[in-house]
Amino acid sequence: MGFRMTFEAQRMRVTRLSAHLTAWRNRAGRYLGGCMIGLLALAGSVGVSAAPGLPADLMDMSLEALMDIEITSCAKRPQKKSEAAAAVFVITNEDLRRWGVMNVPDALRRVPGLQVARIDAGKWAITSRGFNSRFANKLLVLIDGRSVYTPLFAGVYWEANEVMLEDVERIEVIRGPGGSLWGANAVNGVINIITKSASDTQGALVSTGVGDEERGFASLRYGNTTSSGKNFRVYGKFHSTDSGKAIDLGSIPPAAHDDHEMLQAGFRMDWDHGHANSYTIQGDVYGSNSGQQLLLASSPTPVTEDAEYSGGNLLYRWTHRAGPDSDYTLQAYFDGVSLKSAALIEDRNTLDIDFQQHRGIGKRHDLVWGLNYRSIRDHPEASQIYSLNPPSRTVNLFTAFIQDEIGLLEDRLKLTLGSKFEHNEFTGFEAQPNIRMAWQTDAGNTLWGAVSRAVRTPARGEHDINMQVIPQAPAPPPLTIMGNRDFDSENLVAWELGYRFSLARQISVDLTGFYNKYDDLRTVDIYTPAPPLEASFNNNMEGNTRGFEIDARWKLRPWLELNANYTRLEIDLDLKNGSTDLLSLGAEDASPEHQYNVWIAADLDHQVELDAGLRYASSIETPGFTTPIDDYIALDMRLAWTPRPGLEVSIIGQNLLDSSHPEFNPDFIFSVPTEVERSVTGKVTLKF
Amino acid sequence: MYRADTTRLKTVCASYRLLARRLLLAAMLLCGPASVSAEEHTQAEYQVKAAFLYNFARFTSWPEHTNSTFNLCILGDDPFSEALDALTGKTVHNETLTVTRLDHPSALDGCELVYISASYSDELNEIIALLQEQAILTVSDIDAFIDHGGIIGFRIIDNKIRFEINTSAAARAGLAISSKLLSLASRVSMER
């Protein structure tokens, strides 16, 4: 699977975008918070006529969307989330509560355009628009502007990057290249997890529960304000997750040792100095144990062990508002990550410094630009299956970006031109330009289109590794994969088209279609004619993906809402002449061609809520496994009762339609997968 | 290999420095003062707050009453001005919403929702006492409104509108506030 390393420069752009996209979930007719929002990437601020103040359909916005409006800047530049020139989906704090999800990956299952599959109780394969793997390398993930994409092998350790869901403000998912603002590796999408300001988490919260799969969990938070007016919160969380159901793989005796436990604590402080300056300091520490069974050369049978993750991070952000249409942000963070297992070892420290400015120029232009420096130093020990040469390495990454959003035709048409320039130590300079346009029709509907170039820069492993792949027996003989110092970036040119519209007031629909043309995709080319087999990473694959996503929300009654989405994805890949790759074409079948979600949220009375959701994924085949993974349909339900304000008691059922089903298999590093089981969980949340 | 990288890096750094210098210069040119009048701010703020009032009405249940209309009253100086026009004629709990502006608290009997203007902050305790145990949802911008027995108080945090709720006051008034509203409140108080 995937070895990639990547040094993108991420951060805060997203936060801003976020700002923009915020209210999106509520789509059509809901205004995006923040006037300045438009600046960023996608956001098209197709202004709503020049009337001073906000548009008349403020009355149709949800409370959540209203709460996202920045009142001082809005007068000037009201913005609709629905006007963004990109495919955006926002999960709100309220959604997280009502969906009854226990973790971020479970919430992402309802996002159109994403492929989410559980490998075992801790490991996930999550991607956007194809190329799924535990080490999915074309999706960037940020938590409050901090990248959690691992530059060693690429991908995200979902089992170690958790957040306290009750304190999440929203999760923004942008499908398609986020290249011009997010830097490398946001090739197929960006997920931006944004936690609440400490001013919005005042007071105490206790949330705890128990279930047959979630054996026990608890989250505690306390927020207050210091005498000097600084808002703060501290939190801690714990959970223990049972193993999944063992799969009979034929060659390996069925067993499940994938129990997963984690403990995390953190804090956040937010304060203002006058009206012009805002400051944030936040940090987290965590540790987790993730059981797994590995195939290692040293043993004929799978070895059972606990992978140990630990880490901590500290982030500082200063925002200065020079005027209603001008602001600067300086952000710096430190992130330390450690992972110990027989197969996979990480020991890495990252320092990231980011500056950006936004400035409106005249009536038509909205300019954003920024500079970023990131230094990543790692010194991991060799694991039982690979070593790195050099064993320790410091990698520096420099990034600059600039983007101008131009309002045309009385702001009904927004043209966005931008590019990111980065220098990394593996491939040198990379430019990632894009052009986006959003046209707001008379009816308030938005038609948008974009053409972008994006790159997936090499992971350190792809350049520096010497690794043994132990296939699932009885399979081909072991393979040694060597890193390749000439391994180049994968690149993409993406064409996207989208339309958002409302049918009557109660129904909003979001349609997106895309055509992605890839070149220089990674291959693992075998260069020895006979065993022992040796291979190296090359850029010998090209191809395209295409598909569409439909997402609709229908407010049937004030107390009843229906949501539905459908995702279609087709992948065609070809090896270039001379390639001897045996695995990489498998990506064609490793993502479902069809997926759908349907869910309802019903307020049965003032105290009782009922939520239910169905989801379907069509069958897939994962590289290296001969048995396909069948399609499945899953039902999740939640019933919640609020006997008095501040107290919520709920019962949550997940995967209710079958006793268990498989969802995905691991790739490069072979750990024994397990099936996802039906689960029932009881939960109590108390705020005081 | 590594050394070659370093050399290349230096070249890159030099070109970045140049780029950065030019960008900074451009930035300085762009950063003139800019401002929006306080009046516009206020206008936007109260347009959004008017939408909040509408939602407060939607997510609160009143006991049975005889009015055929839903009366939203503004007591004292009206900061909303025409922002409330968008509310007039809307339907709340199957009743048509009307907006009434009142100068004196004696006429509040027929109101379902009363917004108490800051111009009445000095007489707040008297007004709260007057409305005691009537099915009237009280809302205000006055500081610490819910600590004085008001039901919903607006706050502004980080440039965004927030609200806090006194559930004891709501219970005394016989009003049922939905869990949705309570879950979004920045503070829920059960005192007094």
# chains A, B, ... in the order shown; residues from 1 in each chain; ligands from 1

call {"tool": "residues_around", "arguments": {"residues": "Val303 of chain A", "least_positions_apart": "2", "cutoff": "9 Å", "atoms": "only C-alpha atoms", "output": "PyMOL selection string"}}
result
chain A and resi 292-296+299-301+305

call {"tool": "residues_around", "arguments": {"residues": "Ala438 of chain A", "least_positions_apart": "2", "cutoff": "6 Å", "atoms": "only C-alpha atoms", "output": "NGL selection string"}}
result
:A and (85 or 413-414 or 447-448)

call {"tool": "residues_around", "arguments": {"residues": "Ala494 of chain A", "least_positions_apart": "5", "cutoff": "10 Å", "atoms": "only C-alpha atoms", "output": "PyMOL selection string"}}
result
chain A and resi 176-177+187-188+434+450-454+514-518+544-546

call {"tool": "residues_around", "arguments": {"residues": "Ile151 of chain B", "least_positions_apart": "6", "cutoff": "12 Å", "atoms": "only C-alpha atoms", "output": "JSON, numbers by chain"}}
result
{"B": [56, 60, 113, 114, 115, 116, 128, 131, 132, 133, 135, 136, 137, 138, 139, 140, 141, 142, 144, 145, 163, 164, 165, 166, 167, 168, 169, 170, 171, 172, 173, 174, 175, 176, 177, 182, 185, 187, 188, 189, 190, 191, 192]}

call {"tool": "closest_residue", "arguments": {"among": "A:Asn289, A:Ser584, A:Asp272, A:Gly178", "to": "Lys420 of chain A", "atoms": "only C-alpha atoms"}}
result
A:Gly178

call {"tool": "residues_around", "arguments": {"residues": "Phe688 of chain A", "least_positions_apart": "2", "cutoff": "12 Å", "atoms": "only C-alpha atoms", "output": "compact mmCIF listing (two decimals) with C-alpha atoms, in the first residue's frame"}}
result
# COMPACT_ATOMS: atom_id res chain seq x y z
CA THR A 201 -17.56 25.50 25.52
CA GLN A 202 -18.10 27.17 28.86
CA GLY A 203 -19.30 24.99 31.71
CA ALA A 204 -18.92 21.33 32.46
CA LEU A 205 -19.85 18.41 30.24
CA VAL A 206 -19.75 14.72 31.04
CA SER A 207 -20.58 12.14 28.41
CA LEU A 220 -15.14 15.21 30.37
CA ARG A 221 -14.76 18.89 29.71
CA TYR A 222 -14.69 21.97 31.85
CA GLY A 223 -14.71 25.51 30.44
CA ASN A 224 -14.54 28.86 32.17
CA ARG A 644 -34.50 17.92 31.68
CA PRO A 645 -32.29 20.61 30.15
CA GLY A 646 -28.67 19.64 30.07
CA LEU A 647 -29.33 15.92 30.43
CA GLU A 648 -29.60 13.59 27.45
CA THR A 685 -24.58 13.30 28.41
CA LEU A 686 -24.83 15.86 31.18
CA LEU B 182 -31.06 24.37 24.75
CA SER B 183 -28.31 22.41 23.06
CA SER B 186 -23.90 29.04 25.12
CA ARG B 187 -25.08 28.86 28.74
CA VAL B 188 -28.10 27.28 30.37
CA SER B 189 -28.93 28.55 33.83
CA MET B 190 -31.36 26.98 36.25
CA GLU B 191 -31.07 29.61 38.93

call {"tool": "closest_residue", "arguments": {"among": "B:Thr69, B:Ala118, B:Ile74, B:Leu87", "to": "Pro105 of chain B", "atoms": "only C-alpha atoms"}}
result
B:Ile74

call {"tool": "closest_residue", "arguments": {"among": "A:Glu425, A:Asp442, A:Asp589, A:Asp667", "to": "Ile470 of chain A", "atoms": "only C-alpha atoms"}}
result
A:Asp667

call {"tool": "residues_around", "arguments": {"residues": "Thr127 of chain A", "least_positions_apart": "2", "cutoff": "12 Å", "atoms": "only C-alpha atoms", "output": "NGL selection string"}}
result
:A and (105 or 108-109 or 111-118 or 124-125 or 129-141 or 154-156 or 158 or 173-176 or 185-191 or 587 or 590-592)

call {"tool": "closest_residue", "arguments": {"among": "B:Ala86, B:Leu75, B:Ala57, B:Leu108", "to": "chain A", "atoms": "only C-alpha atoms"}}
result
B:Ala86

call {"tool": "closest_residue", "arguments": {"among": "B:Ser117, B:Asn125, B:Gln47, B:Ser106", "to": "chain A", "atoms": "only C-alpha atoms"}}
result
B:Gln47

call {"tool": "closest_residue", "arguments": {"among": "A:Glu621, A:Asp95, A:Glu663, A:Glu405", "to": "chain B", "atoms": "only C-alpha atoms"}}
result
A:Asp95

call {"tool": "residues_around", "arguments": {"residues": "Phe80 of chain B", "least_positions_apart": "4", "cutoff": "8 Å", "atoms": "only C-alpha atoms", "output": "ChimeraX atom specification"}}
result
/B:43,46-47,50,84

call {"tool": "write_last_selection", "arguments": {"atoms": "N, CA and C atoms", "output": "CSV table (one decimal), in the first residue's frame"}}
result
chain,number,residue,atom,x,y,z
B,43,GLN,N,-26.8,47.4,12.0
B,43,GLN,CA,-27.9,47.0,11.1
B,43,GLN,C,-27.9,45.5,10.8
B,46,TYR,N,-28.7,43.4,13.9
B,46,TYR,CA,-30.1,43.2,14.3
B,46,TYR,C,-30.9,42.5,13.2
B,47,GLN,N,-30.5,42.5,12.0
B,47,GLN,CA,-31.2,41.7,11.0
B,47,GLN,C,-31.0,40.2,11.4
B,50,ALA,N,-33.1,39.4,14.5
B,50,ALA,CA,-34.5,39.3,14.1
B,50,ALA,C,-34.7,37.8,13.7
B,84,LEU,N,-37.5,43.9,11.3
B,84,LEU,CA,-38.6,43.1,11.8
B,84,LEU,C,-39.7,42.9,10.7

call {"tool": "atom_distance", "arguments": {"atom1": "atom CA of Asp242 of chain A", "atom2": "atom CA of Gly291 of chain A"}}
result
10.0 Å

call {"tool": "select_by_dssp", "arguments": {"residues": "segment 11-183 of chain B", "states": "alpha helix (DSSP H)", "output": "ChimeraX atom specification"}}
result
/B:11-30,38-58,124-131,167-172,179-183

call {"tool": "write_last_selection", "arguments": {"atoms": "C-alpha atoms", "output": "PDB file, in the first residue's frame"}}
result
ATOM      1  CA  THR B  11      19.085  28.561  -4.324  1.00  0.00           C
ATOM      2  CA  VAL B  12      15.500  27.976  -3.561  1.00  0.00           C
ATOM      3  CA  CYS B  13      15.703  29.914  -0.343  1.00  0.00           C
ATOM      4  CA  ALA B  14      17.225  32.838  -2.140  1.00  0.00           C
ATOM      5  CA  SER B  15      14.442  32.903  -4.659  1.00  0.00           C
ATOM      6  CA  TYR B  16      11.896  32.595  -1.861  1.00  0.00           C
ATOM      7  CA  ARG B  17      13.406  35.538  -0.086  1.00  0.00           C
ATOM      8  CA  LEU B  18      12.966  37.589  -3.210  1.00  0.00           C
ATOM      9  CA  LEU B  19       9.432  36.384  -3.625  1.00  0.00           C
ATOM     10  CA  ALA B  20       8.659  37.107   0.000  1.00  0.00           C
ATOM     11  CA  ARG B  21      10.102  40.595  -0.231  1.00  0.00           C
ATOM     12  CA  ARG B  22       7.995  41.386  -3.266  1.00  0.00           C
ATOM     13  CA  LEU B  23       4.898  39.966  -1.685  1.00  0.00           C
ATOM     14  CA  LEU B  24       5.455  41.968   1.454  1.00  0.00           C
ATOM     15  CA  LEU B  25       5.856  45.113  -0.570  1.00  0.00           C
ATOM     16  CA  ALA B  26       2.654  44.350  -2.392  1.00  0.00           C
ATOM     17  CA  ALA B  27       0.963  43.699   0.920  1.00  0.00           C
ATOM     18  CA  MET B  28       2.067  47.003   2.342  1.00  0.00           C
ATOM     19  CA  LEU B  29       0.652  48.793  -0.645  1.00  0.00           C
ATOM     20  CA  LEU B  30      -2.617  47.039  -0.171  1.00  0.00           C
ATOM     21  CA  ALA B  38     -20.768  51.347  13.028  1.00  0.00           C
ATOM     22  CA  GLU B  39     -24.250  51.875  11.781  1.00  0.00           C
ATOM     23  CA  GLU B  40     -23.905  49.204   9.138  1.00  0.00           C
ATOM     24  CA  HIS B  41     -22.558  46.812  11.736  1.00  0.00           C
ATOM     25  CA  THR B  42     -25.538  47.390  13.943  1.00  0.00           C
ATOM     26  CA  GLN B  43     -27.947  47.007  11.125  1.00  0.00           C
ATOM     27  CA  ALA B  44     -26.525  43.637  10.148  1.00  0.00           C
ATOM     28  CA  GLU B  45     -26.430  42.545  13.758  1.00  0.00           C
ATOM     29  CA  TYR B  46     -30.118  43.230  14.284  1.00  0.00           C
ATOM     30  CA  GLN B  47     -31.155  41.679  11.016  1.00  0.00           C
ATOM     31  CA  VAL B  48     -29.543  38.476  12.208  1.00  0.00           C
ATOM     32  CA  LYS B  49     -31.017  38.884  15.679  1.00  0.00           C
ATOM     33  CA  ALA B  50     -34.472  39.262  14.139  1.00  0.00           C
ATOM     34  CA  ALA B  51     -33.974  35.823  12.579  1.00  0.00           C
ATOM     35  CA  PHE B  52     -32.991  34.546  16.007  1.00  0.00           C
ATOM     36  CA  LEU B  53     -36.217  35.930  17.496  1.00  0.00           C
ATOM     37  CA  TYR B  54     -38.173  34.058  14.880  1.00  0.00           C
ATOM     38  CA  ASN B  55     -36.343  30.841  15.742  1.00  0.00           C
ATOM     39  CA  PHE B  56     -36.833  31.381  19.469  1.00  0.00           C
ATOM     40  CA  ALA B  57     -40.551  31.545  18.782  1.00  0.00           C
ATOM     41  CA  ARG B  58     -40.487  28.419  16.646  1.00  0.00           C
ATOM     42  CA  LEU B 124     -35.449  45.545  34.296  1.00  0.00           C
ATOM     43  CA  ASN B 125     -36.266  44.060  37.689  1.00  0.00           C
ATOM     44  CA  GLU B 126     -39.641  45.757  37.773  1.00  0.00           C
ATOM     45  CA  ILE B 127     -40.515  44.503  34.305  1.00  0.00           C
ATOM     46  CA  ILE B 128     -39.459  40.962  35.127  1.00  0.00           C
ATOM     47  CA  ALA B 129     -41.589  41.093  38.268  1.00  0.00           C
ATOM     48  CA  LEU B 130     -44.517  42.395  36.249  1.00  0.00           C
ATOM     49  CA  LEU B 131     -44.271  39.547  33.746  1.00  0.00           C
ATOM     50  CA  THR B 167     -34.782  27.381  32.171  1.00  0.00           C
ATOM     51  CA  SER B 168     -36.220  28.118  35.610  1.00  0.00           C
ATOM     52  CA  ALA B 169     -37.625  31.378  34.354  1.00  0.00           C
ATOM     53  CA  ALA B 170     -39.068  29.560  31.335  1.00  0.00           C
ATOM     54  CA  ALA B 171     -40.674  26.957  33.576  1.00  0.00           C
ATOM     55  CA  ARG B 172     -42.237  29.671  35.753  1.00  0.00           C
ATOM     56  CA  SER B 179     -33.886  20.639  23.455  1.00  0.00           C
ATOM     57  CA  LYS B 180     -32.509  21.935  20.172  1.00  0.00           C
ATOM     58  CA  LEU B 181     -32.521  25.476  21.449  1.00  0.00           C
ATOM     59  CA  LEU B 182     -31.062  24.373  24.754  1.00  0.00           C
ATOM     60  CA  SER B 183     -28.310  22.414  23.063  1.00  0.00           C
TER      61      SER B 183
END

call {"tool": "select_by_dssp", "arguments": {"residues": "segment 433-636 of chain A", "states": "strand (DSSP E)", "output": "number ranges by chain"}}
result
A: 433-440, 446-456, 465-469, 479-482, 490-503, 507-526, 533-557, 560-575, 594-603, 608-617, 632-636

call {"tool": "atom_distance", "arguments": {"atom1": "atom CA of Glu82 of chain B", "atom2": "atom CA of Thr98 of chain B"}}
result
13.4 Å

call {"tool": "atom_distance", "arguments": {"atom1": "atom CA of Asn231 of chain A", "atom2": "atom CA of Ile194 of chain A"}}
result
17.1 Å
